[in-house]
Each structure stands twice: as C-alpha cells, then as structure tokens.
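One file, upload_11.cif, carrying mmCIF, C-alpha atoms and all ligand atoms:
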data_work
#
loop_
_atom_site.label_atom_id
_atom_site.label_comp_id
_atom_site.auth_asym_id
_atom_site.auth_seq_id
_atom_site.Cartn_x
_atom_site.Cartn_y
_atom_site.Cartn_z
CA MET R 1 -5.91 12.15 28.06
CA THR R 2 -9.55 12.37 27.01
CA ASN R 3 -8.95 10.72 23.66
CA PRO R 4 -6.38 7.95 23.97
CA GLU R 5 -5.06 6.48 20.73
CA ARG R 6 -7.53 3.96 19.31
CA ASN R 7 -6.54 1.51 16.60
CA ASP R 8 -9.89 -0.26 16.44
CA TRP R 9 -11.93 2.37 14.60
CA THR R 10 -14.66 0.83 12.46
CA ILE R 11 -15.89 1.80 9.02
CA ALA R 12 -19.32 2.43 10.59
CA GLU R 13 -17.87 4.92 13.10
CA ILE R 14 -15.96 6.78 10.40
CA THR R 15 -19.02 6.80 8.14
CA ALA R 16 -20.99 8.35 11.00
CA LEU R 17 -18.38 11.13 11.28
CA PHE R 18 -18.85 11.83 7.56
CA GLU R 19 -22.52 12.40 8.26
CA VAL R 20 -22.02 15.00 11.01
CA PRO R 21 -22.86 18.55 9.80
CA LEU R 22 -19.55 20.17 8.87
CA MET R 23 -19.47 22.94 11.49
CA ASP R 24 -20.34 20.46 14.26
CA LEU R 25 -17.58 18.19 13.00
CA VAL R 26 -15.08 21.06 12.97
CA ARG R 27 -16.02 21.95 16.56
CA GLN R 28 -15.56 18.31 17.60
CA ALA R 29 -12.19 18.04 15.82
CA SER R 30 -11.09 21.37 17.20
CA ALA R 31 -11.78 20.19 20.76
CA VAL R 32 -9.60 17.11 20.17
CA HIS R 33 -6.90 19.31 18.63
CA VAL R 34 -6.78 21.66 21.62
CA GLN R 35 -6.49 18.69 24.02
CA HIS R 36 -3.55 17.13 22.18
CA HIS R 37 -1.60 20.01 20.62
CA ASP R 38 -0.78 23.67 20.98
CA PRO R 39 -3.50 24.91 18.57
CA ASN R 40 -1.55 28.07 17.77
CA GLU R 41 1.52 26.20 16.61
CA VAL R 42 2.15 25.06 13.04
CA HIS R 43 4.97 22.82 11.82
CA VAL R 44 6.70 24.21 8.76
CA ASN R 45 8.16 21.68 6.31
CA GLN R 46 9.95 21.99 3.02
CA LEU R 47 10.29 19.38 0.30
CA LEU R 48 13.21 18.95 -2.05
CA SER R 49 13.19 16.63 -5.03
CA ILE R 50 16.67 15.13 -4.82
CA LYS R 51 16.10 12.81 -7.78
CA THR R 52 13.61 14.18 -10.29
CA GLY R 53 11.82 12.39 -13.11
CA ALA R 54 12.06 9.02 -14.88
CA GLY R 55 9.85 7.48 -12.19
CA PRO R 56 9.20 3.85 -13.19
CA GLU R 57 5.77 3.63 -11.49
CA ASP R 58 2.52 4.59 -13.23
CA CYS R 59 0.97 6.69 -10.41
CA GLY R 60 -1.89 8.51 -12.15
CA TYR R 61 -1.23 11.77 -10.28
CA CYS R 62 2.50 11.92 -10.78
CA SER R 63 4.38 14.56 -12.78
CA GLN R 64 7.52 12.45 -12.67
CA SER R 65 6.32 9.13 -14.08
CA THR R 66 7.84 7.87 -17.36
CA HIS R 67 4.37 6.57 -18.18
CA HIS R 68 3.04 10.12 -18.75
CA ASN R 69 4.09 13.02 -20.97
CA THR R 70 4.36 15.87 -18.49
CA GLY R 71 7.48 17.57 -19.83
CA VAL R 72 9.42 17.05 -16.59
CA LYS R 73 13.09 16.63 -17.49
CA PRO R 74 14.77 13.71 -15.72
CA GLU R 75 17.73 14.72 -13.61
CA PRO R 76 20.39 12.66 -11.81
CA LEU R 77 20.53 12.39 -8.02
CA MET R 78 21.55 15.78 -6.60
CA GLN R 79 25.00 16.39 -5.23
CA LEU R 80 25.40 16.40 -1.45
CA ASP R 81 26.63 20.01 -1.27
CA ASP R 82 23.65 21.36 -3.19
CA VAL R 83 21.24 19.56 -0.90
CA VAL R 84 22.95 20.88 2.23
CA LYS R 85 22.90 24.43 0.85
CA THR R 86 19.17 24.18 0.16
CA ALA R 87 18.55 22.79 3.65
CA LYS R 88 20.50 25.68 5.23
CA ARG R 89 18.43 28.22 3.29
CA ALA R 90 15.24 26.46 4.40
CA GLN R 91 16.37 26.48 8.03
CA ALA R 92 17.12 30.20 7.81
CA GLN R 93 13.47 30.69 6.76
CA GLY R 94 12.15 28.87 9.83
CA VAL R 95 11.66 25.42 8.32
CA THR R 96 12.01 22.66 10.94
CA ARG R 97 11.48 19.54 8.83
CA PHE R 98 13.34 19.03 5.59
CA CYS R 99 11.92 16.30 3.35
CA MET R 100 13.88 14.78 0.49
CA GLY R 101 12.04 12.88 -2.24
CA ALA R 102 13.36 10.56 -4.95
CA ALA R 103 11.36 9.32 -7.93
CA TRP R 104 12.40 5.74 -7.25
CA ARG R 105 10.29 2.59 -7.08
CA ASP R 106 12.46 1.28 -4.27
CA VAL R 107 15.77 1.77 -2.53
CA LYS R 108 18.71 -0.16 -3.98
CA ASP R 109 21.85 -0.93 -2.01
CA ASN R 110 24.14 1.10 -4.23
CA ALA R 111 26.27 4.26 -4.33
CA GLN R 112 23.16 6.44 -4.73
CA PHE R 113 21.75 5.16 -1.45
CA GLU R 114 25.13 5.86 0.18
CA ARG R 115 24.86 9.44 -1.06
CA VAL R 116 21.34 9.75 0.34
CA LEU R 117 22.63 8.47 3.70
CA ASP R 118 25.27 11.23 3.61
CA MET R 119 22.53 13.78 2.86
CA VAL R 120 20.49 12.52 5.81
CA LYS R 121 23.48 12.75 8.11
CA GLU R 122 24.55 16.24 7.06
CA VAL R 123 21.06 17.76 7.05
CA SER R 124 20.31 16.15 10.39
CA ASP R 125 23.58 17.57 11.79
CA LEU R 126 22.25 21.06 10.95
CA GLY R 127 19.59 20.49 13.60
CA LEU R 128 16.67 19.86 11.24
CA GLU R 129 14.23 16.98 11.39
CA VAL R 130 14.97 15.00 8.26
CA CYS R 131 12.38 13.03 6.31
CA THR R 132 12.93 11.04 3.13
CA THR R 133 10.51 9.50 0.65
CA LEU R 134 12.42 7.06 -1.53
CA GLY R 135 9.85 4.38 -2.36
CA MET R 136 9.83 0.87 -0.98
CA LEU R 137 12.57 -0.32 1.35
CA ASN R 138 13.42 -3.22 3.66
CA ALA R 139 14.21 -3.34 7.38
CA GLU R 140 18.01 -3.30 6.85
CA GLN R 141 17.79 -0.18 4.70
CA ALA R 142 15.51 1.45 7.26
CA GLN R 143 18.09 0.68 9.93
CA ARG R 144 20.84 2.34 7.88
CA LEU R 145 18.66 5.44 7.48
CA GLU R 146 18.05 5.46 11.21
CA GLU R 147 21.79 5.22 11.90
CA ALA R 148 22.33 8.19 9.55
CA GLY R 149 19.92 10.23 11.70
CA LEU R 150 16.65 10.00 9.78
CA TYR R 151 13.72 11.35 11.80
CA ALA R 152 10.80 10.39 9.54
CA TYR R 153 10.04 8.31 6.47
CA ASN R 154 7.17 9.28 4.19
CA HIS R 155 5.28 6.50 2.46
CA ASN R 156 1.71 7.38 1.52
CA LEU R 157 -1.16 4.93 1.15
CA ASP R 158 -2.69 7.59 -1.12
CA THR R 159 -6.24 6.21 -1.26
CA SER R 160 -8.41 3.23 -0.25
CA PRO R 161 -7.26 -0.35 -0.92
CA GLU R 162 -10.34 -0.71 -3.12
CA TYR R 163 -9.48 2.28 -5.36
CA TYR R 164 -5.70 1.84 -5.37
CA ASP R 165 -5.38 -0.02 -8.68
CA SER R 166 -7.48 2.62 -10.44
CA VAL R 167 -4.60 5.02 -9.72
CA ILE R 168 -1.48 2.83 -9.61
CA THR R 169 -0.98 -0.61 -11.17
CA THR R 170 2.78 -1.09 -10.82
CA ARG R 171 2.72 -1.79 -7.07
CA THR R 172 0.24 -3.05 -4.52
CA TYR R 173 -1.33 -1.67 -1.35
CA GLN R 174 0.24 -4.55 0.56
CA GLU R 175 3.70 -3.45 -0.62
CA ARG R 176 3.02 0.00 0.85
CA LEU R 177 1.98 -1.58 4.16
CA ASP R 178 5.09 -3.80 4.12
CA THR R 179 7.38 -0.77 3.78
CA ILE R 180 5.61 0.96 6.67
CA ALA R 181 6.15 -2.21 8.72
CA ALA R 182 9.86 -2.15 7.79
CA ILE R 183 10.11 1.44 9.06
CA ARG R 184 8.38 0.38 12.28
CA THR R 185 11.25 -2.04 13.03
CA THR R 186 13.28 1.14 13.78
CA ASN R 187 12.60 4.31 15.78
CA ILE R 188 12.09 6.36 12.63
CA THR R 189 8.68 8.03 12.72
CA VAL R 190 6.13 7.35 9.98
CA CYS R 191 4.63 10.00 7.72
CA CYS R 192 1.69 8.47 5.86
CA GLY R 193 -1.33 10.02 4.22
CA GLY R 194 -2.86 10.40 0.81
CA ILE R 195 -4.61 12.41 -1.86
CA ILE R 196 -8.20 13.49 -2.37
CA GLY R 197 -9.61 14.50 -5.73
CA MET R 198 -8.54 11.50 -7.81
CA GLY R 199 -12.12 10.49 -8.64
CA GLU R 200 -12.54 8.41 -5.48
CA THR R 201 -15.92 8.11 -3.78
CA GLN R 202 -16.76 9.09 -0.21
CA THR R 203 -16.69 5.37 0.61
CA ASP R 204 -13.07 5.30 -0.61
CA ARG R 205 -12.16 8.31 1.55
CA ILE R 206 -13.71 6.58 4.57
CA SER R 207 -11.85 3.36 3.78
CA PHE R 208 -8.55 5.24 3.28
CA LEU R 209 -8.87 7.03 6.64
CA HIS R 210 -9.82 3.71 8.22
CA GLN R 211 -6.58 2.15 6.93
CA LEU R 212 -4.56 4.96 8.54
CA ALA R 213 -6.53 4.83 11.78
CA ILE R 214 -6.04 1.08 12.29
CA LEU R 215 -2.27 1.30 11.85
CA SER R 216 -0.76 0.62 15.25
CA PRO R 217 0.74 2.95 16.23
CA HIS R 218 -0.82 5.69 14.14
CA PRO R 219 1.49 7.48 11.72
CA GLU R 220 3.10 10.36 13.64
CA SER R 221 2.45 12.52 10.60
CA VAL R 222 -0.54 12.44 8.22
CA PRO R 223 -0.30 14.54 5.05
CA ILE R 224 -3.63 15.29 3.37
CA ASN R 225 -2.93 16.21 -0.25
CA VAL R 226 -5.46 17.70 -2.64
CA LEU R 227 -4.62 16.52 -6.15
CA SER R 228 -2.47 18.97 -8.10
CA ARG R 229 -3.74 18.23 -11.59
CA VAL R 230 -0.70 17.79 -13.77
CA PRO R 231 -1.21 18.18 -17.54
CA GLY R 232 -0.20 14.98 -19.32
CA THR R 233 -1.24 12.67 -16.46
CA PRO R 234 -4.36 10.48 -16.56
CA LEU R 235 -5.82 12.68 -13.78
CA GLU R 236 -5.31 16.02 -15.53
CA ASN R 237 -9.08 16.50 -15.81
CA ALA R 238 -10.08 15.18 -12.40
CA PRO R 239 -13.01 17.06 -10.78
CA ASP R 240 -12.48 20.01 -8.41
CA VAL R 241 -12.37 19.33 -4.68
CA GLU R 242 -14.56 21.67 -2.63
CA ILE R 243 -12.90 23.18 0.42
CA ALA R 244 -15.64 21.61 2.56
CA GLU R 245 -14.43 18.16 1.46
CA THR R 246 -10.81 18.96 2.40
CA VAL R 247 -11.90 20.35 5.76
CA ARG R 248 -13.95 17.23 6.44
CA MET R 249 -10.98 14.97 5.66
CA ILE R 250 -8.77 16.98 8.02
CA ALA R 251 -11.37 17.04 10.78
CA VAL R 252 -12.01 13.29 10.61
CA ALA R 253 -8.25 12.57 10.48
CA ARG R 254 -7.81 14.75 13.59
CA ILE R 255 -10.58 12.92 15.50
CA LEU R 256 -9.31 9.46 14.49
CA MET R 257 -5.62 10.20 15.13
CA PRO R 258 -5.54 12.79 17.94
CA ASP R 259 -1.77 12.79 18.50
CA SER R 260 -0.69 12.81 14.86
CA VAL R 261 0.49 15.94 13.12
CA VAL R 262 -1.97 16.55 10.27
CA ARG R 263 -0.33 18.27 7.34
CA ILE R 264 -1.99 20.31 4.59
CA ALA R 265 0.23 19.36 1.69
CA ALA R 266 -0.29 19.50 -2.10
CA GLY R 267 -3.09 21.70 -3.36
CA ARG R 268 -2.68 24.35 -0.66
CA HIS R 269 -1.75 26.92 -3.31
CA LEU R 270 -5.38 26.79 -4.44
CA MET R 271 -6.69 27.68 -0.97
CA SER R 272 -7.32 31.20 0.26
CA PHE R 273 -6.08 32.22 3.72
CA SER R 274 -9.64 31.76 5.02
CA ASP R 275 -9.82 28.27 3.51
CA GLN R 276 -6.60 27.45 5.31
CA ALA R 277 -7.88 28.99 8.54
CA LEU R 278 -10.76 26.49 8.41
CA CYS R 279 -8.23 23.68 7.93
CA PHE R 280 -6.28 24.85 11.01
CA LEU R 281 -9.51 25.08 13.02
CA ALA R 282 -10.37 21.54 11.92
CA GLY R 283 -7.09 20.27 13.33
CA ALA R 284 -4.40 20.72 10.68
CA ASN R 285 -1.16 21.80 12.32
CA SER R 286 1.45 21.58 9.64
CA LEU R 287 2.13 22.85 6.14
CA PHE R 288 4.63 22.49 3.32
CA THR R 289 6.23 25.70 2.20
CA SER R 290 8.70 26.32 -0.62
CA GLU R 291 11.43 28.58 -1.91
CA ARG R 292 10.03 29.36 -5.32
CA ASN R 293 6.34 28.51 -5.32
CA MET R 294 7.12 24.95 -6.30
CA MET R 295 6.52 21.81 -4.31
CA LEU R 296 8.60 19.05 -5.88
CA THR R 297 9.01 19.85 -9.53
CA ALA R 298 8.08 22.63 -11.87
CA THR R 299 4.64 21.09 -12.25
CA THR R 300 3.36 20.99 -8.68
CA PRO R 301 2.90 24.50 -7.25
CA CYS R 302 3.18 25.48 -3.58
CA ALA R 303 2.90 28.62 -1.46
CA ASP R 304 6.25 30.22 -0.61
CA HIS R 305 8.01 31.35 2.58
CA ALA R 306 6.98 34.99 2.34
CA SER R 307 3.26 34.37 1.79
CA ASP R 308 3.22 31.72 4.51
CA ARG R 309 4.88 34.06 6.99
CA THR R 310 2.23 36.68 6.21
CA MET R 311 -0.58 34.15 6.58
CA LEU R 312 0.65 32.77 9.90
CA ALA R 313 1.14 36.30 11.27
CA GLU R 314 -2.39 37.33 10.21
CA MET R 315 -3.85 34.27 11.94
CA GLY R 316 -1.74 34.71 15.07
CA LEU R 317 -0.18 31.30 14.49
CA LYS R 318 3.44 30.64 15.29
CA ALA R 319 5.82 28.37 13.45
CA ARG R 320 7.08 25.57 15.66
CA VAL R 321 10.66 25.97 16.80
CA LEU R 322 12.73 22.82 17.35
CA GLU R 323 14.23 22.32 20.78
CA PRO R 324 17.80 21.05 20.36
CA THR R 325 16.84 17.90 22.27
CA THR R 326 13.69 17.01 20.31
CA HIS R 327 15.45 15.04 17.60
N1 LIG E 1 8.94 7.36 -4.81
C1 LIG E 1 8.18 7.83 -3.71
C2 LIG E 1 7.15 6.80 -3.27
O1 LIG E 1 7.06 5.75 -3.90
O2 LIG E 1 6.46 6.99 -2.28
C3 LIG E 1 7.59 9.12 -4.18
C4 LIG E 1 6.91 9.86 -3.16
S1 LIG E 1 5.86 11.18 -3.74
C5 LIG E 1 6.87 12.54 -3.75
C6 LIG E 1 5.02 11.43 -2.27
C7 LIG E 1 3.58 11.73 -2.36
O3 LIG E 1 3.35 12.97 -2.95
C8 LIG E 1 2.72 10.78 -3.14
O4 LIG E 1 2.51 9.58 -2.46
C9 LIG E 1 1.46 11.61 -3.25
O5 LIG E 1 0.64 11.41 -2.11
C10 LIG E 1 1.98 13.03 -3.28
N2 LIG E 1 1.84 13.60 -4.62
C11 LIG E 1 2.65 13.41 -5.67
N3 LIG E 1 2.19 14.06 -6.76
C12 LIG E 1 1.04 14.67 -6.38
C13 LIG E 1 0.09 15.49 -7.06
N4 LIG E 1 0.20 15.78 -8.34
N5 LIG E 1 -0.96 15.97 -6.34
C14 LIG E 1 -1.09 15.66 -5.02
N6 LIG E 1 -0.24 14.89 -4.36
C15 LIG E 1 0.81 14.40 -5.01
#
Representation of the structure as structure tokens:
Amino acid sequence: MTNPERNDWTIAEITALFEVPLMDLVRQASAVHVQHHDPNEVHVNQLLSIKTGAGPEDCGYCSQSTHHNTGVKPEPLMQLDDVVKTAKRAQAQGVTRFCMGAAWRDVKDNAQFERVLDMVKEVSDLGLEVCTTLGMLNAEQAQRLEEAGLYAYNHNLDTSPEYYDSVITTRTYQERLDTIAAIRTTNITVCCGGIIGMGETQTDRISFLHQLAILSPHPESVPINVLSRVPGTPLENAPDVEIAETVRMIAVARILMPDSVVRIAAGRHLMSFSDQALCFLAGANSLFTSERNMMLTATTPCADHASDRTMLAEMGLKARVLEPTTH
C-alpha cells in the first residue's frame, strides 16, 4: 500500500497540509482515497436517539443538555420493539449501519444497560452493523457490548485538547481518551471524530486532527460534523463554516487516516449536492441519513432517504451493501 497507516504525524506536517491550495489538497486526498477505498461507494448510516434529553453534561453544542433551554422534551429509554422496528425500516431503505445514541454521561450497570444490550443483539441479528454512543464506559461494559454483537462504538473527541473546556466543562479530554482505550480492549471498532464551527481556530482544528491521527490504531470511522446551531445553546450564534473549510477538514483527515471511513455527519443538510460532491472527491465516503429530516432530535436536521437516494444516483455513487460475512 502506498500510504501505510502512520501514527506519528506531527503538528508541523498537518499545518503544512492546511497551507496547500485547496484544489491541490483535494487532488492529493482523492489519490489516497482511490488507493484505499472504492471511490464510488458510500456507507449509509442512520442514527436513532434511544434516550433523548436530560443530558447531564454541559456540551455547548448539545440540544439535549439540561444546562440549556432548547425545548427538547426528555424521554425515557425507548422500548426494545420500537427500536427494532425503526432498524428494520432503516434496513429496508438501504442503511447498513444503525447507530443508537443515549444522552447519558456514562454507562451504568443497571436494567437500562441490559435493555441496550438487548437492542444491540436484536439489531445486529437483523444483519446490520450496530453502533452505540452512550457516553463513557469501562472495559467490562465494552466487553458486554461486544458479546451482544456491537460492531462500533462512537465517542467523539469533538475538538482540540486546548479548546475542549471552552465547549464542555463537565468532563475531560483524558476521560474521552480513556473510554476509547476501554473500547480498544475489545474487537469493537472505534468511531471518533468531532465538530467544526464552534469558534475554534485553525490551530485547534490542526491539533484535533493530530489527536485522531496519533491514535494507534486510527479510528475505523471518523465523523466530521459541522455544528448544527441549536437555539438555546451557548453556540446558537456561532459563525458560519464555509464549505471550503469543511472540504479541507475532510481532505486532511483522508490523507492522515487513509484506511478510515470519513463520514459527513451533522450539518450536511446545509450543503448543496455540489458541496457534497466536493466532500466525496476530498475523500468522504459515508453519510448519515434519516427517516424524517431529523438527525437525533427535533432540533438537529438531516437529509432524508429519498433526497440521499437522488443525490447518490445523480453522482453515480452506490450505497455500500453489507456482505453477510462482514460483521
Ligand atoms: N452521550 C454521548 C457522548 O457522551 O458521547 C452523546 C453522543 S452525541 C449524540 C455524539 C456526537 O454528536 C457529539 O460528540 C457531537 O460530535 C455530535 N453532535 C451533537 N450535537 C451536535 C450539533 N448540534 N452539531 C454538530 N454535532 C453535534
């Protein structure tokens, strides 16, 4: 392979990539993409909020935090049957990875976790890749998720270590890294990325990508979110993110982590088809779709199945199909 995985990227090297003219950078990233992936294939994921609202953390971007007045109504953990029905509908639409999110700080060893384990088992038995994002957990809990059939665990670093406490004060960067290490004691794959548009500087973006790129191994999946500005959160008036900035993040992520799946996640609803085409050219090969134009809750919008099918068809891209043996 021309670009073997490197976990020793330096800040200086990443800074140099940020200085490459954008179209040159896209060409460079595109070459890496073609070497490591089928460039006409896109992974289609769907998120379900299985436990909405009353989030105890103060994440400045979050619609579900009790620290902000966003109007999101707290709901109890969903029932198993409802989750399985949603997963079946998603699968019928061509979704191959089903992600379940809970607005928890951490996983507790209680009846709710047992129910989540049942969800993981049943959704996995449908033949979907299952991902959960439940907050912090320990190695024993990761092992139980693995035994239930979990394919991936999402735990985002979100931004640079230097900027982290400007966005979140109720947990530390090190706690995020510790949870990722707990996942790595199992064979569950890691989904780890972050958000741009929270007022961070270019130096922070470089430092954030550096943190991802020195993880060993790299996260198998790297979601790049563009902040969805939620009214009532401290970041409701954050500045716009130009598409060129998103494309640069994707291109640099692709060059640093050639084998990872790079996902365009939150904020995609604000991008035109041509914006998204640039993201795919720069090395993105995955997207989050939805049933009703909503990502996780009524306050974070998302493109839906029908518009995504149209877009992929127009671009000649095909949605990845899971081989029965791949999970
Ligand atoms: N309790 C889980 C945790 O602690 O990781 C919650 C996971 S949350 C659903 C997953 C990710 O979604 C966050 O880490 C963040 O990157 C992204 N996210 C949440 N709200 C967002 C927003 N308004 N705009 C962009 N990305 C957002």
Name the residues, by chain letter and number, that sit within 6 Å of ligand LIG 1 (chain E) using all atoms listed in the file, and give them as an MDAnalysis selection string. chainID R and resid 61:62 101:105 133:135 155:156 158 194:195 225:230 266
List as a list of chain:residue names the protein and nucleic acid residues near Thr159 (chain R), meaning an atom at most 7 Å away when all atoms listed in the file are counted, but skip any in the same chain fewer than 3 places from it. R:Tyr163, R:Tyr164, R:Gly194, R:Ile195, R:Asp204, R:Arg205, R:Phe208
Ranking R:Leu128, R:Leu270, R:Val95, R:Cys302 by minimum distance to Tyr151 (chain R) and counting all atoms listed in the file, which one comes first? R:Leu128
May I have the residues at most 7 Å from (-8.2, 8.6, 11.9) in the file's coordinates, counting all atoms listed in the file, as a PDB file with C-alpha atoms, keeping the file's coordinate frame?
ATOM      1  CA  LEU R 209      -8.870   7.030   6.640  1.00  0.00           C
ATOM      2  CA  HIS R 210      -9.820   3.710   8.220  1.00  0.00           C
ATOM      3  CA  LEU R 212      -4.560   4.960   8.540  1.00  0.00           C
ATOM      4  CA  ALA R 213      -6.530   4.830  11.780  1.00  0.00           C
ATOM      5  CA  VAL R 252     -12.010  13.290  10.610  1.00  0.00           C
ATOM      6  CA  ALA R 253      -8.250  12.570  10.480  1.00  0.00           C
ATOM      7  CA  ARG R 254      -7.810  14.750  13.590  1.00  0.00           C
ATOM      8  CA  ILE R 255     -10.580  12.920  15.500  1.00  0.00           C
ATOM      9  CA  LEU R 256      -9.310   9.460  14.490  1.00  0.00           C
ATOM     10  CA  MET R 257      -5.620  10.200  15.130  1.00  0.00           C
TER      11      MET R 257
END
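Distances here use all atoms listed in the file; by that measure, the residue among R:Leu17, R:Phe273, R:Gln141, R:Asp38 closest to Asn110 (chain R) is R:Gln141.
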When distances are computed from only C-alpha atoms, which of R:Gln91, R:Thr169, R:Gln79, R:Gln46 shows the smallest separation from Asp118 (chain R)? R:Gln79
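Pairwise distance (CA of Leu25 (chain R), CA of Ile224 (chain R)) equals 17.2 Å.
Near (3.3, -2.1, 2.7), the residues that fall inside 10 Å on the basis of only C-alpha atoms are R:Met136, R:Leu137, R:His155, R:Asn156, R:Leu157, R:Arg171, R:Thr172, R:Tyr173, R:Gln174, R:Glu175, R:Arg176, R:Leu177, R:Asp178, R:Thr179, R:Ile180, R:Ala181, R:Ala182, R:Ile183.
Taking CA of Thr70 (chain R) as the reference point, CA of Pro56 (chain R) is found at 14.0 Å.
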Here is a test: counting only C-alpha atoms, which residue of R:Ala152, R:Met249, R:Leu235, R:Ala92 is nearest to Ile14 (chain R)? R:Met249
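Nearest to Gln35 (chain R) of all the residues R:Asp240, R:Gly193, R:Pro4, R:Met271 is R:Pro4, based on all atoms listed in the file.
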Restricting to all atoms listed in the file, whichever of R:Leu47, R:Asn187, R:Asn7, R:Glu146 is closest to Ala303 (chain R) is R:Leu47
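Neighbouring residues of Lys121 (chain R) at 7 Å or closer, counting all atoms listed in the file and skipping chain neighbours under 3 positions away, are Leu117, Asp118, Ser124, Asp125, Ala148 and Gly149 of chain R.
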